[in-house]
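Since the structure comes first, as structure tokens, the remarks are kept for the end.
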Amino acid sequence: MSNIDLSINFAGIKAPNPFWLASAPPTNTGYQIMKAFEAGWGGAVWKTLGVPVQNVSSRYGSINYRDTRMAGLNNIELITDRPLADNLREIEEVKKYFPNHAVIASLMVESKKEWFQIVKDVENAGADGIELNFGCPHGMCERGMGSAVGQEPEVLNTIVQWVMEAATVPVITKLTPNISDITDPALAAVRGGTSALSLINTIKSIVGIDLDTYAPYPVVDGKGTNGGYCGPAVKPIALHMLKELAGHPEIRNTPISGIGGIETWRDVVEFILLGATSVQVCTAVMHYGFGIVREMEAGLRQFMSDKGYSTIYDFAGKAVPNVVEWKNLNLHYKVVASINADKCIGCQLCHIACDDGAHQAIALPTNGSRVPEIIDENCVGCNLCSLVCPVEECITMERRDDGSQTESWAERTMAGKVPEHFNDPRGGGVGHFVPEPSAALQYKRKDRSGRK
Amino acid sequence: MAEYKRPETPQEYQRNFPPKKPLMNTSEAYYESARCLYCYDAPCMDACPTHIDIPLFIKQINTGNVKGAAATIYDSNWLGNACGKVCPTEQLCEGSCVYTEQDMKPLQIGRLQNFATEAVMQAKTNLFKPGPDNGRRVAIVGAGPAGIACACELRVLGYSVEIFEAKALPTGLTVYGTAPYKITNEEALRENEYLQQQLGYTVHYNHPIQNAAQFAELEKQFDAVFLGLGLGATAQLNIPGEELPGVVGAVEFVEELRMKQHAFQVPERVVVIGGGNTAVDAASESARMGAQSVHLVYRRTKADMGAYDFEYATALAAGVQGVFEASPLRIEGENKASGVTFSRPDGSEFHLPADLVIKGTGQAKQGALLAHLPNISTDAKGRVVVDAAHQTTRPGYFAAGDMVNGGAEVVNAAYEGKLAAQGIHQWIQNKNT
Ligand SMILES: Cc1cc2nc3c(=O)[nH]c(=O)nc-3n(C[C@H](O)[C@H](O)[C@H](O)COP(=O)(O)OP(=O)(O)OC[C@H]3O[C@@H](n4cnc5c(N)ncnc54)[C@H](O)[C@@H]3O)c2cc1C
Ligand SMILES: Cc1cc2nc3c(=O)[nH]c(=O)nc-3n(C[C@H](O)[C@H](O)[C@H](O)COP(=O)(O)O)c2cc1C
Ligand code: SF4
Ligand code: SF4
Ligand code: SF4
């Protein structure tokens, strides 16, 4: 593994590795950032500096899914509430101790004059780069900043131009996911001259309701407000948006820092495969502390060594070409579920998931065992059973076509071979088995008390 | 051996009988309940004699609806708390949990059941309401698990219920028989109190029903009679020396131990004769009470033992020594038992000295009492014969529990007692239409 070099040059910002702390509570202070660098992080985006704010008490809420704490985290915290001068002094100090680590100042102010001033301030303090926070979806947006900017491509474009005019260090524009098409603000930023992009910031959310006070979490004296959602639950949304940018002809040459739900080496590799060339982490650190980077780094190195890569640029973006439009998928590809009876524990979740939630293709056993049976003809290869099965590698999806034919919806359309009416035999669902509706009546809800 | 010091205070007694299934705290219940897969047609439910909707109550615990979880449990089993503690779950629900199919740890269903039921008992949450009074009265003889379950179910159905109990305490062998590390006296009694307080059945203690005149009186005053008498005293060995002081039946031994606790003196050398769960329990408990040596002697092989493997393992861990293929010939002693002579299958004999001989030979059936009730048939094994509604061959008399199943578990008695109540209800309704 000795030939692996994790160092990056992200739009001119150099760092010993791609693991950066996202602008958030873990980057509140010089103390935290230096502790993080000691722990192995390669960069940090300072907690957003800007206009004076005041925070509330009671700030976070979370989704605990079964035994998993903080599967999703929600917060109503604003940008930093520490004095600007203190932050600038600490940036300077961190850079003194860690000249080769990336220290990026996240900024959020209003007027052109303020932007010019604060850019100069952080550059003088020694920041290696600047990140523009156009993402915060609570509080700051009510004051016309944060996601209020991120949702207005024209305003965003103007501010990026101001900053590019003033800045001598690279500038990253951080986007909000609270928008229907992420390429709109991304294009506005690229056209404004931004050096790089980062995404996602948090997603506007209500994480739950207190069932005694009827107020949303986090509850502030009987009331709440929408917060910003992050953590493992948001990763799929972040990956999708990342791919939208990495696959866009006008945007893809701009470096992207991936953010959103990153906690493990797998997450890191996935973000890089979809085009990110640095990653930022907040929730995982808020949950486990800076030490979580050990697992990320070890896993990334292992992956790279297994695959024979020496830098992350060897595989960055490799998954992007494989994300295509639905119409380009091969309609002849056919998989069918297969149960490994030796591994099956008989929970029968696959049966009920398929019977109630999918395609009635898994029968209960009739031989006295508890291992369900796949009805091959009915199986559409949807994967659901293999997803619910609690046993590792017990249900596998076996390929049934011989791979000789490939034909997509787009190709069929071109060839004039798409179904034209509902009984058209070229339609997929025609002839697929479904039980008679009345067959459902045999399943009576049992009353366990036996009283009726 | 003597792994256990003889207990002299309540604290030392408790130390020697630490709970086998201690109460979970909220975090443990949360994480444990999260493991349940919510199986379809869950095998654990089938394996529970009362068919508790286990995936449902476990999910309710996980979603913070602990009260609902307790309601789900009691919906199926009136002794939900006791059962969570004393059920041989290894053989029942937990033994069937799908995790065991791949040698993974099953859900701790018994302890989760305790967690939910304990929570409502401690909070004195009202879960039950008697049904509207239907003017009918049912007499229940025996306040064991069968009798209590029958009483609760009848109250929900609107009957007024009076229980006649020979002893001073309710719950039958739950308090008098099960091993103290499974359930304490307080715990056993508390559940009855919880049920009785909400459902309002009357219990007459120290009130045996033991002659024909008493039964006739019950028939006069009540619309139906339920018998939940359990089994009788320990059966005879029919060997010389059996009548000597220092020879006791296992059931009687356990009862005395449970009532006297640390004040109960178990002597140095104990020999227990038998291979069933009761014999193994008595041996285990003797060791925990500080006996120097405890031999459990069974006439057949280890594999033939009626006791569950895990109960035998518990006994071994407490310091009990197993001796197999040895039949008792006689108990020696002048004024008091001093030892037992056994014979081997090859005809050889050996002697084990003993200050206490415990006969774990099973409980006798209730034949003598039933003689007062002509027309109640029993089968070849002395078990009372009932139909699907738990009615005996004597009309208006219903029965359940050990006296019907020949001796099973608390959970079986609880289930059958409830079925009998429903049978009584059906019978009375049919009579009136
Ligand atoms: C030593 C021992 C250990 C056991 N351990 C366990 C265990 O760990 N787990 C488990 O699930 N089960 C265990 N059992 C079995 C369980 O206790 C019984 O299956 C269950 O208690 C049977 O309930 P029942 O209501 O049928 O009878 P019992 O519990 O025997 O109750 C019968 C009641 O009727 C009363 N009675 C009897 N005759 C009369 C009369 N003439 N008039 C009025 N009242 C009368 C009795 O005093 C008693 O209260 C154990 C049994 C023994 C003996
Ligand atoms: C409590 C909290 C405060 C945050 N504050 C900021 C902030 O000041 N500036 C900013 O750009 N992003 C802020 N974020 C968003 C994070 O930087 C990051 O974009 C988001 O949490 C997604 O990453 P994650 O899933 O790793 O947490 C904050 C997030 C949290 C949880
Ligand atoms: S989900 Fe998996 S373990 Fe459960 S019954 Fe189906 S195949 Fe077996
Ligand atoms: S009553 Fe006993 S067998 Fe039934 S679920 Fe509870 S612990 Fe298991
Ligand atoms: S078998 Fe086990 S996992 Fe399945 S429902 Fe029962 S307790 Fe839960």
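By convention in this document, the chains of the structure tokens carry letters A, B, ... by their order, each chain's residues are numbered from 1, and ligands are numbered from 1 in the order they are shown.
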Do you know which residues are at most 7 Å from segment 418-431 of chain B counting only C-alpha atoms, after dropping those on the same chain fewer than 2 positions away, and could you put them as a PyMOL selection string? chain B and resi 149-150+153-154+389-390+398-400+414-416+433
Pick out the residues sitting within 12 Å of Ser180 of chain A, and hand them over as a PyMOL selection string; count only C-alpha atoms, and ignore anything fewer than 2 positions along from it in its own chain. chain A and resi 150-152+176-178+182-185+237+241+244
Please dump the current selection as a short mmCIF file (atom, residue, chain, number, x, y, z; two decimals), in the first residue's frame; keep all heavy atoms.
```cif
data_model
loop_
_atom_site.label_atom_id
_atom_site.label_comp_id
_atom_site.auth_asym_id
_atom_site.auth_seq_id
_atom_site.Cartn_x
_atom_site.Cartn_y
_atom_site.Cartn_z
N GLY A 150 -29.12 30.56 -2.46
CA GLY A 150 -28.95 29.33 -3.23
C GLY A 150 -30.13 29.01 -4.11
O GLY A 150 -30.01 28.31 -5.12
N GLN A 151 -31.30 29.53 -3.75
CA GLN A 151 -32.50 29.25 -4.54
C GLN A 151 -32.74 30.30 -5.62
O GLN A 151 -33.67 30.17 -6.40
CB GLN A 151 -33.72 29.17 -3.59
CG GLN A 151 -33.70 27.93 -2.72
CD GLN A 151 -34.67 28.00 -1.55
OE1 GLN A 151 -35.08 29.09 -1.15
NE2 GLN A 151 -35.04 26.87 -1.01
N GLU A 152 -31.93 31.33 -5.65
CA GLU A 152 -32.06 32.38 -6.67
C GLU A 152 -30.80 32.44 -7.52
O GLU A 152 -29.87 33.20 -7.22
CB GLU A 152 -32.28 33.75 -5.97
CG GLU A 152 -33.60 33.89 -5.26
CD GLU A 152 -34.79 33.85 -6.22
OE1 GLU A 152 -34.59 34.12 -7.44
OE2 GLU A 152 -35.90 33.53 -5.77
N THR A 176 -27.37 24.57 -1.97
CA THR A 176 -28.46 24.02 -1.17
C THR A 176 -29.20 22.98 -2.01
O THR A 176 -29.42 23.19 -3.21
CB THR A 176 -29.44 25.12 -0.73
OG1 THR A 176 -30.55 24.48 -0.08
CG2 THR A 176 -30.00 25.91 -1.92
N PRO A 177 -29.63 21.88 -1.38
CA PRO A 177 -30.42 20.89 -2.11
C PRO A 177 -31.90 21.27 -2.14
O PRO A 177 -32.70 20.56 -2.76
CB PRO A 177 -30.21 19.62 -1.29
CG PRO A 177 -30.03 20.12 0.11
CD PRO A 177 -29.32 21.45 0.00
N ASN A 178 -32.25 22.36 -1.50
CA ASN A 178 -33.67 22.74 -1.42
C ASN A 178 -34.11 23.46 -2.69
O ASN A 178 -34.49 24.63 -2.67
CB ASN A 178 -33.91 23.60 -0.18
CG ASN A 178 -33.57 22.86 1.08
OD1 ASN A 178 -34.22 21.88 1.43
ND2 ASN A 178 -32.52 23.27 1.75
N ILE A 182 -30.83 21.04 -9.34
CA ILE A 182 -29.57 21.50 -8.75
C ILE A 182 -28.63 22.10 -9.79
O ILE A 182 -27.73 22.86 -9.45
CB ILE A 182 -28.89 20.33 -8.00
CG1 ILE A 182 -27.75 20.82 -7.08
CG2 ILE A 182 -28.35 19.28 -8.96
CD1 ILE A 182 -28.21 21.62 -5.90
N THR A 183 -28.86 21.76 -11.08
CA THR A 183 -27.93 22.32 -12.08
C THR A 183 -28.15 23.82 -12.26
O THR A 183 -27.23 24.52 -12.70
CB THR A 183 -28.07 21.60 -13.44
OG1 THR A 183 -29.42 21.69 -13.88
CG2 THR A 183 -27.67 20.13 -13.32
N ASP A 184 -29.33 24.35 -11.93
CA ASP A 184 -29.56 25.80 -12.09
C ASP A 184 -28.58 26.62 -11.24
O ASP A 184 -27.84 27.44 -11.80
CB ASP A 184 -31.01 26.17 -11.73
CG ASP A 184 -32.01 25.64 -12.76
OD1 ASP A 184 -31.56 25.22 -13.86
OD2 ASP A 184 -33.22 25.61 -12.46
N PRO A 185 -28.56 26.43 -9.92
CA PRO A 185 -27.60 27.22 -9.14
C PRO A 185 -26.15 26.85 -9.46
O PRO A 185 -25.27 27.71 -9.43
CB PRO A 185 -27.95 26.88 -7.68
CG PRO A 185 -28.69 25.59 -7.73
CD PRO A 185 -29.41 25.59 -9.04
N ILE A 237 -29.69 11.45 -1.58
CA ILE A 237 -30.05 12.71 -2.23
C ILE A 237 -28.79 13.44 -2.66
O ILE A 237 -28.69 13.98 -3.77
CB ILE A 237 -30.91 13.55 -1.26
CG1 ILE A 237 -32.22 12.78 -0.97
CG2 ILE A 237 -31.17 14.94 -1.81
CD1 ILE A 237 -32.96 13.27 0.24
N MET A 241 -27.54 14.41 -6.55
CA MET A 241 -27.23 15.78 -6.97
C MET A 241 -25.78 15.88 -7.45
O MET A 241 -25.48 16.60 -8.42
CB MET A 241 -27.50 16.74 -5.82
CG MET A 241 -29.00 16.81 -5.53
SD MET A 241 -29.45 18.08 -4.37
CE MET A 241 -31.21 18.22 -4.71
N GLU A 244 -25.70 14.73 -10.90
CA GLU A 244 -26.27 15.72 -11.82
C GLU A 244 -25.21 16.73 -12.25
O GLU A 244 -25.17 17.15 -13.40
CB GLU A 244 -27.41 16.49 -11.13
CG GLU A 244 -28.67 15.68 -10.89
CD GLU A 244 -29.46 15.46 -12.17
OE1 GLU A 244 -30.17 16.38 -12.61
OE2 GLU A 244 -29.33 14.35 -12.72
#
```
Quick one: everything within 12 Å of Gly147 of chain B, counting only C-alpha atoms, minus sequence neighbours fewer than 4 positions away in the same chain. Send it as JSON, numbers by chain. {"B": [78, 79, 138, 139, 140, 141, 142, 143, 151, 152, 153, 154, 161, 162, 163, 164, 165, 170, 171, 172, 173, 192, 201, 202, 203, 225, 226, 227, 228, 229, 230, 398, 399, 400, 401, 402, 403, 410, 412, 413, 414, 415, 416, 417, 418, 419, 420, 421]}
Write out as a ChimeraX atom specification each polymer residue (protein, DNA or RNA) that has an atom no more than 9 Å from ligand 3, with only C-alpha atoms and all ligand atoms counted. /A:338-341,343-353,362,364,370-373,385-395 /B:39-40,98
Pull N, CA, C and O atoms from the residues just selected and write them as a compact mmCIF listing (two decimals), in the first residue's frame.
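again_7.txt written:
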```txt
# COMPACT_ATOMS: atom_id res chain seq x y z
N SER A 338 -33.40 -16.14 -5.88
CA SER A 338 -33.10 -17.52 -5.56
C SER A 338 -32.76 -17.58 -4.07
O SER A 338 -31.97 -16.78 -3.57
N ILE A 339 -33.39 -18.53 -3.36
CA ILE A 339 -33.18 -18.64 -1.91
C ILE A 339 -32.19 -19.76 -1.62
O ILE A 339 -32.35 -20.87 -2.13
N ASN A 340 -31.20 -19.46 -0.83
CA ASN A 340 -30.27 -20.50 -0.38
C ASN A 340 -30.86 -21.14 0.88
O ASN A 340 -30.79 -20.57 1.97
N ALA A 341 -31.44 -22.31 0.71
CA ALA A 341 -32.17 -22.95 1.82
C ALA A 341 -31.27 -23.22 3.02
O ALA A 341 -31.75 -23.26 4.16
N LYS A 343 -29.09 -21.29 4.21
CA LYS A 343 -28.89 -20.08 5.01
C LYS A 343 -30.20 -19.55 5.58
O LYS A 343 -30.20 -18.82 6.56
N CYS A 344 -31.30 -19.89 4.94
CA CYS A 344 -32.60 -19.34 5.32
C CYS A 344 -32.95 -19.67 6.77
O CYS A 344 -32.78 -20.80 7.21
N ILE A 345 -33.42 -18.66 7.52
CA ILE A 345 -33.84 -18.91 8.90
C ILE A 345 -35.35 -18.98 9.03
O ILE A 345 -35.88 -19.12 10.13
N GLY A 346 -36.06 -18.83 7.94
CA GLY A 346 -37.51 -19.05 7.98
C GLY A 346 -38.32 -17.90 8.54
O GLY A 346 -39.42 -18.12 9.06
N CYS A 347 -37.84 -16.69 8.42
CA CYS A 347 -38.62 -15.56 8.95
C CYS A 347 -39.82 -15.27 8.06
O CYS A 347 -40.77 -14.62 8.47
N GLN A 348 -39.75 -15.69 6.83
CA GLN A 348 -40.82 -15.54 5.85
C GLN A 348 -41.15 -14.09 5.53
O GLN A 348 -42.23 -13.76 5.03
N LEU A 349 -40.20 -13.22 5.80
CA LEU A 349 -40.41 -11.82 5.43
C LEU A 349 -40.41 -11.68 3.91
O LEU A 349 -41.12 -10.84 3.35
N CYS A 350 -39.61 -12.51 3.23
CA CYS A 350 -39.58 -12.43 1.77
C CYS A 350 -40.96 -12.77 1.21
O CYS A 350 -41.44 -12.11 0.29
N HIS A 351 -41.58 -13.79 1.80
CA HIS A 351 -42.91 -14.18 1.31
C HIS A 351 -43.90 -13.03 1.47
O HIS A 351 -44.57 -12.63 0.52
N ILE A 352 -43.94 -12.48 2.68
CA ILE A 352 -44.99 -11.49 2.92
C ILE A 352 -44.67 -10.19 2.20
O ILE A 352 -45.58 -9.48 1.74
N ALA A 353 -43.39 -9.86 2.08
CA ALA A 353 -43.02 -8.65 1.35
C ALA A 353 -43.45 -8.77 -0.10
O ALA A 353 -44.01 -7.85 -0.70
N ILE A 362 -43.58 -15.36 -4.23
CA ILE A 362 -42.92 -16.24 -3.26
C ILE A 362 -44.00 -16.98 -2.46
O ILE A 362 -44.79 -16.37 -1.73
N LEU A 364 -45.46 -19.86 0.28
CA LEU A 364 -45.09 -20.49 1.54
C LEU A 364 -44.79 -21.96 1.24
O LEU A 364 -45.37 -22.55 0.33
N ARG A 370 -39.81 -24.09 6.78
CA ARG A 370 -40.23 -22.69 6.74
C ARG A 370 -39.53 -21.94 5.61
O ARG A 370 -39.59 -20.72 5.54
N VAL A 371 -38.87 -22.64 4.74
CA VAL A 371 -38.17 -21.98 3.64
C VAL A 371 -39.14 -21.72 2.49
O VAL A 371 -39.65 -22.64 1.88
N PRO A 372 -39.41 -20.46 2.19
CA PRO A 372 -40.37 -20.15 1.12
C PRO A 372 -39.82 -20.57 -0.26
O PRO A 372 -38.63 -20.85 -0.41
N GLU A 373 -40.74 -20.61 -1.22
CA GLU A 373 -40.35 -21.04 -2.56
C GLU A 373 -40.63 -19.94 -3.58
O GLU A 373 -41.72 -19.39 -3.62
N CYS A 385 -37.32 -8.96 -2.08
CA CYS A 385 -37.08 -10.05 -1.12
C CYS A 385 -35.63 -10.04 -0.66
O CYS A 385 -35.34 -10.24 0.51
N SER A 386 -34.73 -9.83 -1.61
CA SER A 386 -33.31 -9.87 -1.23
C SER A 386 -32.96 -8.68 -0.34
O SER A 386 -32.00 -8.73 0.42
N LEU A 387 -33.75 -7.62 -0.43
CA LEU A 387 -33.50 -6.46 0.43
C LEU A 387 -34.04 -6.69 1.83
O LEU A 387 -33.44 -6.26 2.81
N VAL A 388 -35.18 -7.39 1.96
CA VAL A 388 -35.74 -7.58 3.31
C VAL A 388 -35.10 -8.77 4.02
O VAL A 388 -35.14 -8.83 5.24
N CYS A 389 -34.55 -9.71 3.28
CA CYS A 389 -33.99 -10.91 3.92
C CYS A 389 -32.93 -10.53 4.96
O CYS A 389 -31.98 -9.81 4.64
N PRO A 390 -33.09 -10.99 6.20
CA PRO A 390 -32.14 -10.58 7.25
C PRO A 390 -30.82 -11.35 7.22
O PRO A 390 -29.91 -11.01 7.97
N VAL A 391 -30.73 -12.38 6.39
CA VAL A 391 -29.51 -13.19 6.38
C VAL A 391 -28.61 -12.76 5.23
O VAL A 391 -29.07 -12.64 4.09
N GLU A 392 -27.35 -12.56 5.53
CA GLU A 392 -26.40 -12.15 4.51
C GLU A 392 -26.35 -13.18 3.39
O GLU A 392 -26.20 -14.38 3.65
N GLU A 393 -26.43 -12.72 2.16
CA GLU A 393 -26.27 -13.56 0.98
C GLU A 393 -27.18 -14.78 0.96
O GLU A 393 -26.79 -15.84 0.48
N CYS A 394 -28.36 -14.64 1.51
CA CYS A 394 -29.28 -15.78 1.51
C CYS A 394 -30.14 -15.74 0.25
O CYS A 394 -30.29 -16.75 -0.43
N ILE A 395 -30.71 -14.58 -0.05
CA ILE A 395 -31.44 -14.47 -1.32
C ILE A 395 -30.53 -13.75 -2.30
O ILE A 395 -30.04 -12.65 -2.04
N CYS B 39 -41.26 -11.36 12.14
CA CYS B 39 -41.46 -12.49 11.21
C CYS B 39 -42.91 -12.63 10.81
O CYS B 39 -43.82 -12.32 11.58
N TYR B 40 -43.09 -13.14 9.62
CA TYR B 40 -44.44 -13.48 9.17
C TYR B 40 -44.79 -14.84 9.76
O TYR B 40 -43.95 -15.74 9.76
N VAL B 98 -36.43 -17.55 15.01
CA VAL B 98 -35.73 -17.87 13.75
C VAL B 98 -34.22 -17.66 13.85
O VAL B 98 -33.46 -18.33 13.15
```
Quick one: contact table of chain B to ligand 4, 7 Å max, nearest atom pair and distance in Å to one decimal per residue, counting only C-alpha atoms and all ligand atoms, chain and number order, as JSON lines?
```
{"residue": "B:Met45", "atom": "CA", "partner": "ligand 4", "partner_atom_place_in_ligand_line": "5 (S)", "distance": 6.9}
{"residue": "B:Ala47", "atom": "CA", "partner": "ligand 4", "partner_atom_place_in_ligand_line": "3 (S)", "distance": 6.7}
{"residue": "B:Cys48", "atom": "CA", "partner": "ligand 4", "partner_atom_place_in_ligand_line": "4 (Fe)", "distance": 3.9}
{"residue": "B:Pro49", "atom": "CA", "partner": "ligand 4", "partner_atom_place_in_ligand_line": "4 (Fe)", "distance": 5.9}
{"residue": "B:Thr50", "atom": "CA", "partner": "ligand 4", "partner_atom_place_in_ligand_line": "4 (Fe)", "distance": 5.8}
{"residue": "B:His51", "atom": "CA", "partner": "ligand 4", "partner_atom_place_in_ligand_line": "4 (Fe)", "distance": 6.5}
{"residue": "B:Ile52", "atom": "CA", "partner": "ligand 4", "partner_atom_place_in_ligand_line": "5 (S)", "distance": 5.8}
{"residue": "B:Ile54", "atom": "CA", "partner": "ligand 4", "partner_atom_place_in_ligand_line": "5 (S)", "distance": 6.4}
{"residue": "B:Asn77", "atom": "CA", "partner": "ligand 4", "partner_atom_place_in_ligand_line": "1 (S)", "distance": 6.6}
{"residue": "B:Gly80", "atom": "CA", "partner": "ligand 4", "partner_atom_place_in_ligand_line": "1 (S)", "distance": 5.9}
{"residue": "B:Cys83", "atom": "CA", "partner": "ligand 4", "partner_atom_place_in_ligand_line": "2 (Fe)", "distance": 4.7}
{"residue": "B:Gly84", "atom": "CA", "partner": "ligand 4", "partner_atom_place_in_ligand_line": "7 (S)", "distance": 4.1}
{"residue": "B:Lys85", "atom": "CA", "partner": "ligand 4", "partner_atom_place_in_ligand_line": "7 (S)", "distance": 6.9}
{"residue": "B:Cys87", "atom": "CA", "partner": "ligand 4", "partner_atom_place_in_ligand_line": "2 (Fe)", "distance": 4.6}
{"residue": "B:Thr89", "atom": "CA", "partner": "ligand 4", "partner_atom_place_in_ligand_line": "8 (Fe)", "distance": 5.2}
{"residue": "B:Leu92", "atom": "CA", "partner": "ligand 4", "partner_atom_place_in_ligand_line": "3 (S)", "distance": 5.0}
{"residue": "B:Cys93", "atom": "CA", "partner": "ligand 4", "partner_atom_place_in_ligand_line": "8 (Fe)", "distance": 4.5}
{"residue": "B:Glu94", "atom": "CA", "partner": "ligand 4", "partner_atom_place_in_ligand_line": "8 (Fe)", "distance": 6.6}
{"residue": "B:Ile109", "atom": "CA", "partner": "ligand 4", "partner_atom_place_in_ligand_line": "8 (Fe)", "distance": 6.0}
{"residue": "B:Gly110", "atom": "CA", "partner": "ligand 4", "partner_atom_place_in_ligand_line": "7 (S)", "distance": 4.1}
{"residue": "B:Gln113", "atom": "CA", "partner": "ligand 4", "partner_atom_place_in_ligand_line": "6 (Fe)", "distance": 6.1}
{"residue": "B:Val411", "atom": "CA", "partner": "ligand 4", "partner_atom_place_in_ligand_line": "1 (S)", "distance": 5.7}
```
Using N, CA and C atoms, can you export the residues from the last selection as a JSON list (two decimals), in the first residue's frame?
```json
[["chain", "number", "residue", "atom", "x", "y", "z"],
["B", 45, "MET", "N", -44.51, -17.43, 18.10],
["B", 45, "MET", "CA", -45.91, -17.33, 18.51],
["B", 45, "MET", "C", -46.56, -18.70, 18.58],
["B", 47, "ALA", "N", -44.95, -21.38, 19.16],
["B", 47, "ALA", "CA", -44.32, -22.15, 20.23],
["B", 47, "ALA", "C", -44.79, -21.70, 21.61],
["B", 48, "CYS", "N", -45.35, -20.51, 21.70],
["B", 48, "CYS", "CA", -45.89, -20.06, 22.99],
["B", 48, "CYS", "C", -47.24, -20.74, 23.19],
["B", 49, "PRO", "N", -47.41, -21.48, 24.27],
["B", 49, "PRO", "CA", -48.69, -22.16, 24.49],
["B", 49, "PRO", "C", -49.88, -21.21, 24.51],
["B", 50, "THR", "N", -49.66, -19.93, 24.85],
["B", 50, "THR", "CA", -50.79, -19.00, 24.86],
["B", 50, "THR", "C", -50.85, -18.16, 23.58],
["B", 51, "HIS", "N", -49.93, -18.40, 22.66],
["B", 51, "HIS", "CA", -49.91, -17.72, 21.35],
["B", 51, "HIS", "C", -49.90, -16.21, 21.45],
["B", 52, "ILE", "N", -49.10, -15.69, 22.36],
["B", 52, "ILE", "CA", -48.94, -14.24, 22.45],
["B", 52, "ILE", "C", -48.45, -13.72, 21.10],
["B", 54, "ILE", "N", -46.12, -12.15, 19.73],
["B", 54, "ILE", "CA", -44.78, -11.74, 20.16],
["B", 54, "ILE", "C", -44.18, -10.63, 19.28],
["B", 77, "ASN", "N", -52.47, -13.97, 27.63],
["B", 77, "ASN", "CA", -51.96, -14.72, 28.78],
["B", 77, "ASN", "C", -52.15, -13.90, 30.06],
["B", 80, "GLY", "N", -49.00, -13.07, 32.33],
["B", 80, "GLY", "CA", -47.92, -12.62, 31.44],
["B", 80, "GLY", "C", -46.63, -12.33, 32.17],
["B", 83, "CYS", "N", -45.14, -15.70, 33.63],
["B", 83, "CYS", "CA", -44.65, -16.54, 32.54],
["B", 83, "CYS", "C", -43.34, -16.01, 31.97],
["B", 84, "GLY", "N", -43.25, -14.70, 31.82],
["B", 84, "GLY", "CA", -42.00, -14.13, 31.33],
["B", 84, "GLY", "C", -40.83, -14.55, 32.19],
["B", 85, "LYS", "N", -41.09, -14.78, 33.47],
["B", 85, "LYS", "CA", -40.01, -15.13, 34.39],
["B", 85, "LYS", "C", -39.78, -16.64, 34.49],
["B", 87, "CYS", "N", -41.29, -19.29, 32.53],
["B", 87, "CYS", "CA", -41.43, -20.18, 31.37],
["B", 87, "CYS", "C", -40.08, -20.77, 30.98],
["B", 89, "THR", "N", -38.38, -20.85, 28.45],
["B", 89, "THR", "CA", -38.42, -20.23, 27.12],
["B", 89, "THR", "C", -37.47, -20.91, 26.14],
["B", 92, "LEU", "N", -39.59, -23.15, 24.56],
["B", 92, "LEU", "CA", -40.82, -22.60, 23.98],
["B", 92, "LEU", "C", -40.47, -21.50, 22.98],
["B", 93, "CYS", "N", -40.96, -20.30, 23.26],
["B", 93, "CYS", "CA", -40.81, -19.21, 22.29],
["B", 93, "CYS", "C", -39.38, -18.99, 21.82],
["B", 94, "GLU", "N", -38.46, -18.84, 22.77],
["B", 94, "GLU", "CA", -37.09, -18.49, 22.37],
["B", 94, "GLU", "C", -36.42, -19.63, 21.62],
["B", 109, "ILE", "N", -37.24, -13.13, 24.65],
["B", 109, "ILE", "CA", -38.68, -12.85, 24.68],
["B", 109, "ILE", "C", -39.20, -12.79, 26.12],
["B", 110, "GLY", "N", -38.76, -13.73, 26.94],
["B", 110, "GLY", "CA", -39.23, -13.75, 28.33],
["B", 110, "GLY", "C", -38.89, -12.46, 29.05],
["B", 113, "GLN", "N", -40.94, -9.64, 27.82],
["B", 113, "GLN", "CA", -42.29, -9.80, 28.35],
["B", 113, "GLN", "C", -42.36, -9.26, 29.78],
["B", 411, "VAL", "N", -47.51, -21.65, 32.11],
["B", 411, "VAL", "CA", -48.10, -21.10, 30.89],
["B", 411, "VAL", "C", -49.21, -21.99, 30.34]]
```
